[in-house]
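Worksheet: the structure to be examined is printed underneath.
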Amino acid sequence: MKPAPFAYVAAASAADARRHLGAGGVSAKILAGGQSLGPMLNLRLARPSHLVDVTRAGDLRTVTDEGDALLYGAAIRHAEFEDGDVADATPGWLAAIARGIAYRAVRNRGTIGGSLAHADPAADWVVTLTALGAEVVIAGENAARTLPMTGFVQGPLATALEPGEVITGIRIAKRGSSARWGYWKFTQKAGEFAKASAAVLIDLERGETRIVVGAIERAPIVLDDPEAVLADPDIALPLLERLTAPNPPATLALHAAAVRRACLAAAKDEDMPS
Amino acid sequence: MTAISLTVNGRRQSAEVEPRTHLADFLREDLLLTGTHLGCEHGVCGACTLMVDGRPVRSCLTFAASCDGAEVQTVEGFEDDPLMTRLRDAFSRHHALQCGYCTPGMLATAYDIVRRLPEADEPRIREELAGNLCRCTGYAGIVAAIAEVLADPLTAPLQPRERPALSAAENGPQPPAAATASARPAATSFATTLPIPERIDGGVTLERRLSLDIAPQALWTLLEDFQAVVACLPGASLESVPEGPGEPVTGSFTVAIGPMRAQFRGRALVAYDEVRRTGLVRGTGGDPVSRSQAEGQMRFAVEAGADTAGSVLVVALVYRLKGPLSQFGRPAIVADVVDRLLARFADNLAALAEGRGPVHAAPMSGFGLIFETISMRVQKLLARLRG
């Protein structure tokens, strides 16, 4: 089980990565940890001609304090969030989320930007950053552009990234100590992909309340009236029945349970481990 | 080839490696360090876990080419490490191994637990071990061994380090060399000789209702034109039509999901009931490149729509994926692929009904593997429609 041949280059910066990506042509890919792409390569389900490794690009490994928000470099690893090696824009939520991603050996190589570019609907960062209202900063042909998570993830493994574009950073607004957060996911075994997940943000200081449903057959769903769901989490089931494609009752119930438990976790002002 | 220079178990090594060579193969095949074991080779089993720059990583998901400047420590490199010595002894005492296949990876993870989580209790040890599978001994002895070492902690000689970021000067401005062309092997005929299953047991089911602005009878007539229907399915192509009643059609379907791309070739039997305006397509197909197979059946029915002018196409799928593709073909992802395919199919059918050509012709990009499965079914459906 070996990958098909490809050319490999390690980029020294985001600009360097874009240059190599352009030179590599349409089937060149960014390698940003390779913990999802790697299996696809080994199984030969993906056969890119070039891999541009960005994990040692200095400008993708920095955190910038922008006052109101932190801009995280795309090549920051999950374990660095988990261990507090980088500042947390939230009261510890990012560290807790990172700890729940796959396994430590995966977290030591997987990166936040790689996770977003892969856009697995069950990925913890995809759901979390949507709920946090994060922005994705992308370097392209001419200038940088910024997309909200809701505009960036378009579906399972599908994003708004254009050929030749590189994610350079993720902007996450700072959250005060009064903000509350709830996250719940269902996995049959610790570390595997979630079969249902939901995240709840209540930040009255910034006037933001959001409920996001993940691990579904599309981009994460941001519920329209989060206050109503928080007031009565039982309305999540009929709501999801309307918002999602026809799903077996057990699947739907699991998604609704994720919403209820994430609401509960937020109400208790603590993260519930999955 | 990529030139790398790294430290393995304290010894400096320089080598030319093929970019696709993962670290485990480099260690085992080039350096003959066979203590690192390969199990699944796609990041699930944890057998190949070892230390790179003092942190446990999957060596099957780490390319040797990416380890330039790294410090690698395999199970062979812990001979004189007092913490690992204590772990080895504890593993022996607690019968934490039988066949030993998972043990090198277990020890790497155990070392990391003891060093990083001195307060870990049994549930936490088990959580941290979730990425290392043991299939013979069971975990009780492994957990007990780690707990014993944790109870009497010892400073770990091996500590994490950070490799410096690359500087532009160091990396140079050279463009990457072109990869050896990885041409897809010519399609073989194996897929078209797979038996078509009578029934799909334990498959995933999916039902969708597609509202169309076409009168039911007109829709049925469209569906009866088999070749036109195939043309409405982006990525589908027909290779042969049935030679007689009860004979299968053959065709292929190309899909791409994220970075993955597959082309399924296969056969399907199509049957339909003109009176009830329903049909059944049953078939199987395979992609020799990804060594994956799909089998399934699709029932379809044309019903009157809510308003008198329109109709509803009801599509009920049962499918099963086998092989590498099934690793990524989670039902939620397949459902999205089906939904997008059906949406394009509906657009194209509507265009056809108005006498226009297909609106969407290219294979769907952005959704793939599962899509192919679906397309197979759709092809079958089409075949069935044609009768």
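Every chain in the structure tokens takes a letter, A first, then B, and so on in the order presented; its residues are numbered from 1, and the ligands are numbered from 1 following the presented order.
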
Can you list every residue in range 200-262 of chain A that DSSP puts in helix (DSSP H, G or I), as a PyMOL selection string?
-> chain A and resi 226-231+233-243+249-262

Restricting it to N, CA and C atoms, dump the selection as a PDB file, in the first residue's frame.
```pdb
ATOM      1  N   PRO A 226     -31.353  30.545  17.397  1.00  0.00           N
ATOM      2  CA  PRO A 226     -30.698  29.773  18.472  1.00  0.00           C
ATOM      3  C   PRO A 226     -31.354  29.985  19.834  1.00  0.00           C
ATOM      4  N   GLU A 227     -31.882  31.212  20.076  1.00  0.00           N
ATOM      5  CA  GLU A 227     -32.491  31.477  21.387  1.00  0.00           C
ATOM      6  C   GLU A 227     -33.675  30.547  21.632  1.00  0.00           C
ATOM      7  N   ALA A 228     -34.456  30.321  20.580  1.00  0.00           N
ATOM      8  CA  ALA A 228     -35.623  29.445  20.737  1.00  0.00           C
ATOM      9  C   ALA A 228     -35.189  28.024  21.072  1.00  0.00           C
ATOM     10  N   VAL A 229     -34.108  27.569  20.434  1.00  0.00           N
ATOM     11  CA  VAL A 229     -33.630  26.208  20.705  1.00  0.00           C
ATOM     12  C   VAL A 229     -33.047  26.122  22.111  1.00  0.00           C
ATOM     13  N   LEU A 230     -32.354  27.174  22.527  1.00  0.00           N
ATOM     14  CA  LEU A 230     -31.802  27.170  23.883  1.00  0.00           C
ATOM     15  C   LEU A 230     -32.917  27.147  24.920  1.00  0.00           C
ATOM     16  N   ALA A 231     -34.020  27.861  24.609  1.00  0.00           N
ATOM     17  CA  ALA A 231     -35.142  27.907  25.541  1.00  0.00           C
ATOM     18  C   ALA A 231     -35.827  26.548  25.615  1.00  0.00           C
ATOM     19  N   PRO A 233     -34.721  22.978  23.993  1.00  0.00           N
ATOM     20  CA  PRO A 233     -33.891  22.147  23.108  1.00  0.00           C
ATOM     21  C   PRO A 233     -34.671  21.027  22.413  1.00  0.00           C
ATOM     22  N   ASP A 234     -35.868  20.716  22.928  1.00  0.00           N
ATOM     23  CA  ASP A 234     -36.622  19.636  22.296  1.00  0.00           C
ATOM     24  C   ASP A 234     -37.124  20.001  20.902  1.00  0.00           C
ATOM     25  N   ILE A 235     -37.120  21.285  20.569  1.00  0.00           N
ATOM     26  CA  ILE A 235     -37.567  21.643  19.223  1.00  0.00           C
ATOM     27  C   ILE A 235     -36.486  21.341  18.186  1.00  0.00           C
ATOM     28  N   ALA A 236     -35.311  20.900  18.658  1.00  0.00           N
ATOM     29  CA  ALA A 236     -34.229  20.613  17.710  1.00  0.00           C
ATOM     30  C   ALA A 236     -34.610  19.503  16.739  1.00  0.00           C
ATOM     31  N   LEU A 237     -35.317  18.493  17.241  1.00  0.00           N
ATOM     32  CA  LEU A 237     -35.635  17.350  16.378  1.00  0.00           C
ATOM     33  C   LEU A 237     -36.507  17.740  15.184  1.00  0.00           C
ATOM     34  N   PRO A 238     -37.695  18.359  15.436  1.00  0.00           N
ATOM     35  CA  PRO A 238     -38.492  18.768  14.270  1.00  0.00           C
ATOM     36  C   PRO A 238     -37.764  19.780  13.383  1.00  0.00           C
ATOM     37  N   LEU A 239     -36.945  20.618  14.006  1.00  0.00           N
ATOM     38  CA  LEU A 239     -36.189  21.618  13.243  1.00  0.00           C
ATOM     39  C   LEU A 239     -35.222  20.929  12.276  1.00  0.00           C
ATOM     40  N   LEU A 240     -34.501  19.950  12.796  1.00  0.00           N
ATOM     41  CA  LEU A 240     -33.518  19.251  11.970  1.00  0.00           C
ATOM     42  C   LEU A 240     -34.200  18.411  10.901  1.00  0.00           C
ATOM     43  N   GLU A 241     -35.372  17.916  11.228  1.00  0.00           N
ATOM     44  CA  GLU A 241     -36.120  17.129  10.254  1.00  0.00           C
ATOM     45  C   GLU A 241     -36.408  17.988   9.025  1.00  0.00           C
ATOM     46  N   ARG A 242     -36.659  19.269   9.295  1.00  0.00           N
ATOM     47  CA  ARG A 242     -36.968  20.182   8.202  1.00  0.00           C
ATOM     48  C   ARG A 242     -35.699  20.629   7.472  1.00  0.00           C
ATOM     49  N   LEU A 243     -34.619  20.813   8.222  1.00  0.00           N
ATOM     50  CA  LEU A 243     -33.415  21.420   7.653  1.00  0.00           C
ATOM     51  C   LEU A 243     -32.498  20.431   6.944  1.00  0.00           C
ATOM     52  N   PRO A 249     -34.732   7.815  11.218  1.00  0.00           N
ATOM     53  CA  PRO A 249     -35.091   8.409  12.516  1.00  0.00           C
ATOM     54  C   PRO A 249     -33.957   8.341  13.529  1.00  0.00           C
ATOM     55  N   ALA A 250     -33.192   7.237  13.545  1.00  0.00           N
ATOM     56  CA  ALA A 250     -32.121   7.106  14.536  1.00  0.00           C
ATOM     57  C   ALA A 250     -31.034   8.152  14.296  1.00  0.00           C
ATOM     58  N   THR A 251     -30.724   8.409  13.024  1.00  0.00           N
ATOM     59  CA  THR A 251     -29.705   9.406  12.688  1.00  0.00           C
ATOM     60  C   THR A 251     -30.157  10.784  13.131  1.00  0.00           C
ATOM     61  N   LEU A 252     -31.419  11.062  12.820  1.00  0.00           N
ATOM     62  CA  LEU A 252     -31.988  12.365  13.163  1.00  0.00           C
ATOM     63  C   LEU A 252     -31.993  12.564  14.682  1.00  0.00           C
ATOM     64  N   ALA A 253     -32.355  11.511  15.395  1.00  0.00           N
ATOM     65  CA  ALA A 253     -32.412  11.584  16.859  1.00  0.00           C
ATOM     66  C   ALA A 253     -31.023  11.846  17.436  1.00  0.00           C
ATOM     67  N   LEU A 254     -30.014  11.266  16.802  1.00  0.00           N
ATOM     68  CA  LEU A 254     -28.638  11.454  17.272  1.00  0.00           C
ATOM     69  C   LEU A 254     -28.203  12.911  17.076  1.00  0.00           C
ATOM     70  N   HIS A 255     -28.539  13.480  15.918  1.00  0.00           N
ATOM     71  CA  HIS A 255     -28.207  14.886  15.676  1.00  0.00           C
ATOM     72  C   HIS A 255     -28.931  15.780  16.694  1.00  0.00           C
ATOM     73  N   ALA A 256     -30.202  15.465  16.943  1.00  0.00           N
ATOM     74  CA  ALA A 256     -30.978  16.268  17.898  1.00  0.00           C
ATOM     75  C   ALA A 256     -30.390  16.134  19.300  1.00  0.00           C
ATOM     76  N   ALA A 257     -29.935  14.918  19.632  1.00  0.00           N
ATOM     77  CA  ALA A 257     -29.324  14.705  20.953  1.00  0.00           C
ATOM     78  C   ALA A 257     -28.050  15.533  21.080  1.00  0.00           C
ATOM     79  N   ALA A 258     -27.300  15.621  19.987  1.00  0.00           N
ATOM     80  CA  ALA A 258     -26.074  16.420  20.012  1.00  0.00           C
ATOM     81  C   ALA A 258     -26.411  17.877  20.322  1.00  0.00           C
ATOM     82  N   VAL A 259     -27.463  18.393  19.684  1.00  0.00           N
ATOM     83  CA  VAL A 259     -27.865  19.782  19.920  1.00  0.00           C
ATOM     84  C   VAL A 259     -28.289  19.971  21.373  1.00  0.00           C
ATOM     85  N   ARG A 260     -29.132  19.055  21.873  1.00  0.00           N
ATOM     86  CA  ARG A 260     -29.601  19.173  23.261  1.00  0.00           C
ATOM     87  C   ARG A 260     -28.432  19.161  24.242  1.00  0.00           C
ATOM     88  N   ARG A 261     -27.504  18.229  24.021  1.00  0.00           N
ATOM     89  CA  ARG A 261     -26.396  18.090  24.976  1.00  0.00           C
ATOM     90  C   ARG A 261     -25.414  19.258  24.884  1.00  0.00           C
ATOM     91  N   ALA A 262     -25.241  19.784  23.674  1.00  0.00           N
ATOM     92  CA  ALA A 262     -24.373  20.958  23.551  1.00  0.00           C
ATOM     93  C   ALA A 262     -25.025  22.157  24.243  1.00  0.00           C
TER      94      ALA A 262
END
```

Which residues in range 138-195 of chain A does DSSP call strand (DSSP E)? List them as a VMD selection string.
-> chain A and resid 138 to 139 144 to 148 153 to 155 158 to 159 166 to 173 180 to 186

Pick out the chain A residues within 8 Å of chain B. Count only C-alpha atoms. Give them as number ranges by chain.
-> A: 1-13, 16, 20, 23-24, 34-35, 37-40, 42-50, 53, 56-58, 102-106, 108-109, 118, 155-158, 189-191, 215-218, 246-247

In Å to one decimal, how far is CA of Ala140 in chain B from CA of Ala120 in chain B?
-> 15.5 Å

So which residues touch Val275 in chain B within 12 Å, counting only C-alpha atoms, skipping near sequence neighbours fewer than 4 positions away, as a list in words?
-> Gln217, Trp220, Gly279, Ala301, Val302 and Glu303 of chain B

At a cut-off of 7 Å, using only C-alpha atoms, what residues contact Ala139 in chain A? Leave out same-chain residues fewer than 3 positions from it and give the result as an mmCIF file with C-alpha atoms, in the first residue's frame.
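Now in selection.cif:
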```cif
data_model
loop_
_atom_site.group_PDB
_atom_site.id
_atom_site.type_symbol
_atom_site.label_atom_id
_atom_site.label_comp_id
_atom_site.auth_asym_id
_atom_site.auth_seq_id
_atom_site.Cartn_x
_atom_site.Cartn_y
_atom_site.Cartn_z
ATOM 1 C CA ALA A 143 -4.481 39.704 -2.887
ATOM 2 C CA ALA A 144 -5.524 38.055 0.310
ATOM 3 C CA ARG A 145 -9.214 37.472 0.803
ATOM 4 C CA GLU A 165 -5.017 29.457 -3.324
ATOM 5 C CA VAL A 166 -3.547 28.720 0.085
ATOM 6 C CA ILE A 167 -5.130 29.145 3.514
ATOM 7 C CA THR A 168 -2.759 31.340 5.480
#
```

I want to know what sits within 10 Å of Val86 in chain A, based on only C-alpha atoms, with residues of the same chain fewer than 5 positions away left out; could you give that as a JSON list (two decimals) with N, CA, C and O atoms, in the first residue's frame?
```json
[["chain", "number", "residue", "atom", "x", "y", "z"],
["A", 61, "ARG", "N", 3.11, 29.65, 10.87],
["A", 61, "ARG", "CA", 3.22, 29.05, 12.20],
["A", 61, "ARG", "C", 3.15, 30.08, 13.31],
["A", 61, "ARG", "O", 3.50, 29.80, 14.44],
["A", 62, "THR", "N", 2.71, 31.29, 12.97],
["A", 62, "THR", "CA", 2.69, 32.35, 13.98],
["A", 62, "THR", "C", 1.27, 32.68, 14.41],
["A", 62, "THR", "O", 0.29, 32.37, 13.71],
["A", 63, "VAL", "N", 1.16, 33.30, 15.58],
["A", 63, "VAL", "CA", -0.12, 33.80, 16.05],
["A", 63, "VAL", "C", 0.00, 35.31, 16.20],
["A", 63, "VAL", "O", 0.96, 35.80, 16.79],
["A", 72, "TYR", "N", -4.54, 32.96, 13.77],
["A", 72, "TYR", "CA", -3.70, 31.77, 13.90],
["A", 72, "TYR", "C", -3.15, 31.36, 12.54],
["A", 72, "TYR", "O", -3.91, 31.24, 11.58],
["A", 76, "ILE", "N", -0.50, 25.71, 12.33],
["A", 76, "ILE", "CA", -0.41, 25.41, 13.77],
["A", 76, "ILE", "C", -1.10, 24.07, 14.02],
["A", 76, "ILE", "O", -2.21, 23.82, 13.53],
["A", 77, "ARG", "N", -0.40, 23.23, 14.75],
["A", 77, "ARG", "CA", -0.88, 21.86, 14.94],
["A", 77, "ARG", "C", -1.93, 21.78, 16.06],
["A", 77, "ARG", "O", -1.92, 22.58, 17.00],
["A", 79, "ALA", "N", -2.10, 19.73, 18.48],
["A", 79, "ALA", "CA", -1.48, 19.52, 19.79],
["A", 79, "ALA", "C", -0.99, 20.83, 20.40],
["A", 79, "ALA", "O", -0.92, 20.97, 21.62],
["A", 80, "GLU", "N", -0.67, 21.80, 19.55],
["A", 80, "GLU", "CA", -0.21, 23.10, 20.07],
["A", 80, "GLU", "C", -1.37, 23.87, 20.71],
["A", 80, "GLU", "O", -1.17, 24.64, 21.64],
["A", 81, "PHE", "N", -2.58, 23.67, 20.16],
["A", 81, "PHE", "CA", -3.76, 24.24, 20.83],
["A", 81, "PHE", "C", -4.02, 23.49, 22.13],
["A", 81, "PHE", "O", -4.28, 24.08, 23.18],
["A", 95, "ALA", "N", -8.50, 24.58, 23.42],
["A", 95, "ALA", "CA", -7.66, 23.50, 23.93],
["A", 95, "ALA", "C", -8.50, 22.24, 24.14],
["A", 95, "ALA", "O", -8.08, 21.13, 23.81]]
```

Counting only C-alpha atoms, the residue of B:Leu154, B:Ala294, B:Leu87, B:Leu280 that sits nearest Leu321 in chain B | B:Ala294

Do a neighbour search on Gly207 in chain A at 12 Å with only C-alpha atoms, toss out local chain neighbours closer than 3 positions, and write the hits as a ChimeraX atom specification.
-> /A:175-176,178-179,201-204,210,227

Which polymer residues have any atom within 12 Å of an atom of Glu354 in chain B, counting only C-alpha atoms, with same-chain residues fewer than 4 positions away left out, as a PyMOL selection string?
-> chain B and resi 213-215+218-219+222+347-350+358-359

Go through A:Gly133, A:Gly182, A:Pro121, A:Gly113 and flag the residue nearest Leu161 in chain A, using only C-alpha atoms for the distances.
->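 Looking at the shortest contact to Leu161 in chain A, the residue is A:Gly113.
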
Which one is closest to Ser177 in chain A: A:Val126, A:Thr209, A:Ala96, A:Thr90? Count only C-alpha atoms.
-> A:Thr90

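Relative to CA of Ala231 in chain B, CA of Arg344 in chain B is found at 11.4 Å.
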